[in-house]
Amino acid sequence: MDIESVKNYNQKMLAIFSTLIVIIVSIGLVVLIWTIVREFNFSEVRKTENVLMSDERAEQLAQENLRQQIISYDFPRLIDTTKLIYLIPVTIRTLDEPEPTDYGVLGLLDTYDSRKSRIPNKYSFYGTFINLILYDNLNNKSYKIANQRMVGNNYDIEYLNDDILIIFKGAERDTDNDGRITMNDLKSLFIYSLKEKELKVVTKENTTVLNYEMIREKNEILVLFGIDRNKDNQFIGYKEPTRVMKYNIKTGDLLDLVEPSLETEIQRIVDRR
């Protein structure tokens, strides 16, 4: 092999190594940018997360004529095309610092300097809300579905033959004692009937609602409850059991799906008794 051939070979190898280095650096740069963007987006989600302060904290601020949370609205969704009924999720914004409660109607309709409260001009709705408003376009009226403090998540609209139901999971109490009411607390099932204009709460002591499914043919809802077996106000999925029940939306009955005798029989098989 002559000197010229060796030189060409070295140049080719150098070009290959240079290309590999550029590719590796490019991949690393892409991963770095993706990580930064992901962290930024996640932080934005955390900022707009809809959580309620605990009752104790809210009452403490109220005694001082202060508030640190204000309501906001998501874009209306048409749920009844015949009667032109729209559903408007009510969301929450937490201010950096408490503000006086005399800034108009919840501080939304006054000339208060928004730069101080840092309320974003635009936001995205991530599924949680603290109430739902129904807007009757034909009669130009609005009304809320809940009269209590609660946090809900991902409502479903179920169309029955004679009614429209709004169904969602939600929490009403700060059961994990972290000072906030969130979807990490023990949850109930909320069912609102447009026909009856009534919000029903399906709950069972020492449980949390994990999942549900509507059975339209029988006017029933299958509900999966997580059982807080040690009664520490938390549900630990990998070591505490779950239970399937059915709720009748007409009668309000909440019954076990699996008969107690069958449950006992299966448990005996597990126990080798």
# chains A, B, ... in the order shown; residues from 1 in each chain; ligands from 1

$ residues_around --residues "Met150 (chain A)" --least-positions-apart "3" --cutoff "6 Å" --atoms "only C-alpha atoms" --output "tab-separated table (two decimals) with C-alpha atoms, in the first residue's frame"
chain	number	residue	atom	x	y	z
A	130	ILE	CA	-64.52	23.00	40.89
A	171	ALA	CA	-63.41	14.87	45.99
A	172	GLU	CA	-65.12	16.96	48.66

$ residues_around --residues "region 177-191 of chain A" --least-positions-apart "6" --cutoff "8 Å" --atoms "only C-alpha atoms" --output "PDB file with C-alpha atoms, in the first residue's frame"
ATOM      1  CA  ASN A  50     -57.254  22.823  39.632  1.00  0.00           C
ATOM      2  CA  VAL A  51     -57.012  22.178  43.361  1.00  0.00           C
ATOM      3  CA  LEU A  52     -58.967  23.704  46.209  1.00  0.00           C
ATOM      4  CA  MET A  53     -57.418  24.884  49.428  1.00  0.00           C
ATOM      5  CA  SER A  54     -58.582  22.949  52.453  1.00  0.00           C
ATOM      6  CA  ARG A  57     -57.280  27.420  55.082  1.00  0.00           C
ATOM      7  CA  MET A 150     -65.460  19.982  45.521  1.00  0.00           C
ATOM      8  CA  VAL A 151     -62.947  19.148  42.804  1.00  0.00           C
ATOM      9  CA  GLY A 152     -64.140  17.072  39.845  1.00  0.00           C
ATOM     10  CA  ASN A 153     -62.367  15.454  36.940  1.00  0.00           C
ATOM     11  CA  LEU A 165     -76.661  12.814  32.731  1.00  0.00           C
ATOM     12  CA  ILE A 166     -73.381  14.495  33.612  1.00  0.00           C
ATOM     13  CA  ILE A 167     -71.165  12.002  35.456  1.00  0.00           C
ATOM     14  CA  PHE A 168     -67.758  12.539  37.010  1.00  0.00           C
ATOM     15  CA  LYS A 169     -65.507  11.560  39.895  1.00  0.00           C
ATOM     16  CA  GLY A 170     -64.771  14.169  42.519  1.00  0.00           C
ATOM     17  CA  ALA A 171     -63.408  14.871  45.994  1.00  0.00           C
ATOM     18  CA  LEU A 199     -76.858  16.437  41.679  1.00  0.00           C
ATOM     19  CA  LYS A 200     -76.564  13.033  43.341  1.00  0.00           C
ATOM     20  CA  VAL A 201     -73.424  11.894  45.125  1.00  0.00           C
ATOM     21  CA  VAL A 202     -72.652   8.183  45.222  1.00  0.00           C
ATOM     22  CA  THR A 203     -70.295   7.516  48.084  1.00  0.00           C
ATOM     23  CA  LYS A 204     -69.430   4.740  50.480  1.00  0.00           C
ATOM     24  CA  THR A 207     -63.764   3.992  49.917  1.00  0.00           C
ATOM     25  CA  THR A 208     -62.731   5.936  46.836  1.00  0.00           C
ATOM     26  CA  VAL A 209     -64.245   5.741  43.354  1.00  0.00           C
ATOM     27  CA  LEU A 210     -61.703   4.407  40.862  1.00  0.00           C
ATOM     28  CA  ASN A 233     -57.926   8.026  54.595  1.00  0.00           C
ATOM     29  CA  GLN A 234     -55.761   6.781  51.731  1.00  0.00           C
ATOM     30  CA  PHE A 235     -56.191   4.023  49.173  1.00  0.00           C
TER      31      PHE A 235
END

$ residues_around --residues "Ile79 (chain A)" --least-positions-apart "6" --cutoff "9 Å" --atoms "only C-alpha atoms" --output "PyMOL selection string"
chain A and resi 85-87+157+164

$ write_last_selection --atoms "C-alpha atoms" --output "PDB file, in the first residue's frame"
ATOM      1  CA  ILE A  85     -78.032  23.738  26.764  1.00  0.00           C
ATOM      2  CA  TYR A  86     -74.310  24.389  27.142  1.00  0.00           C
ATOM      3  CA  LEU A  87     -71.988  23.040  29.824  1.00  0.00           C
ATOM      4  CA  ILE A 157     -72.208  13.088  29.161  1.00  0.00           C
ATOM      5  CA  ILE A 164     -79.134  13.639  29.969  1.00  0.00           C
TER       6      ILE A 164
END

$ closest_residue --among "A:Ala58, A:Leu257, A:Ile221, A:Ile227" --to "Glu205 (chain A)" --atoms "only C-alpha atoms"
A:Ile227

$ residues_around --residues "Arg93 (chain A)" --least-positions-apart "4" --cutoff "7 Å" --atoms "only C-alpha atoms" --output "MDAnalysis selection string"
chainID A and resid 48 69:72

$ residues_around --residues "Lys239 (chain A)" --least-positions-apart "2" --cutoff "12 Å" --atoms "only C-alpha atoms" --output "PDB file with C-alpha atoms, in the first residue's frame"
ATOM      1  CA  GLY A 226     -61.082   1.164  46.216  1.00  0.00           C
ATOM      2  CA  ILE A 227     -61.429   0.141  49.864  1.00  0.00           C
ATOM      3  CA  ASP A 228     -59.437   2.038  52.481  1.00  0.00           C
ATOM      4  CA  ARG A 229     -59.161  -1.109  54.565  1.00  0.00           C
ATOM      5  CA  ASN A 230     -56.931   0.288  57.316  1.00  0.00           C
ATOM      6  CA  GLN A 234     -55.761   6.781  51.731  1.00  0.00           C
ATOM      7  CA  PHE A 235     -56.191   4.023  49.173  1.00  0.00           C
ATOM      8  CA  ILE A 236     -53.032   2.040  48.419  1.00  0.00           C
ATOM      9  CA  GLY A 237     -53.804   0.134  45.240  1.00  0.00           C
ATOM     10  CA  PRO A 241     -58.753  -4.433  47.768  1.00  0.00           C
ATOM     11  CA  THR A 242     -61.322  -3.102  45.334  1.00  0.00           C
TER      12      THR A 242
END

$ atom_distance --atom1 "CA of Leu224 (chain A)" --atom2 "CA of Asn131 (chain A)"
23.2 Å

$ closest_residue --among "A:Thr175, A:Tyr159, A:Ile16, A:Ile145" --to "Asp232 (chain A)" --atoms "only C-alpha atoms"
A:Thr175
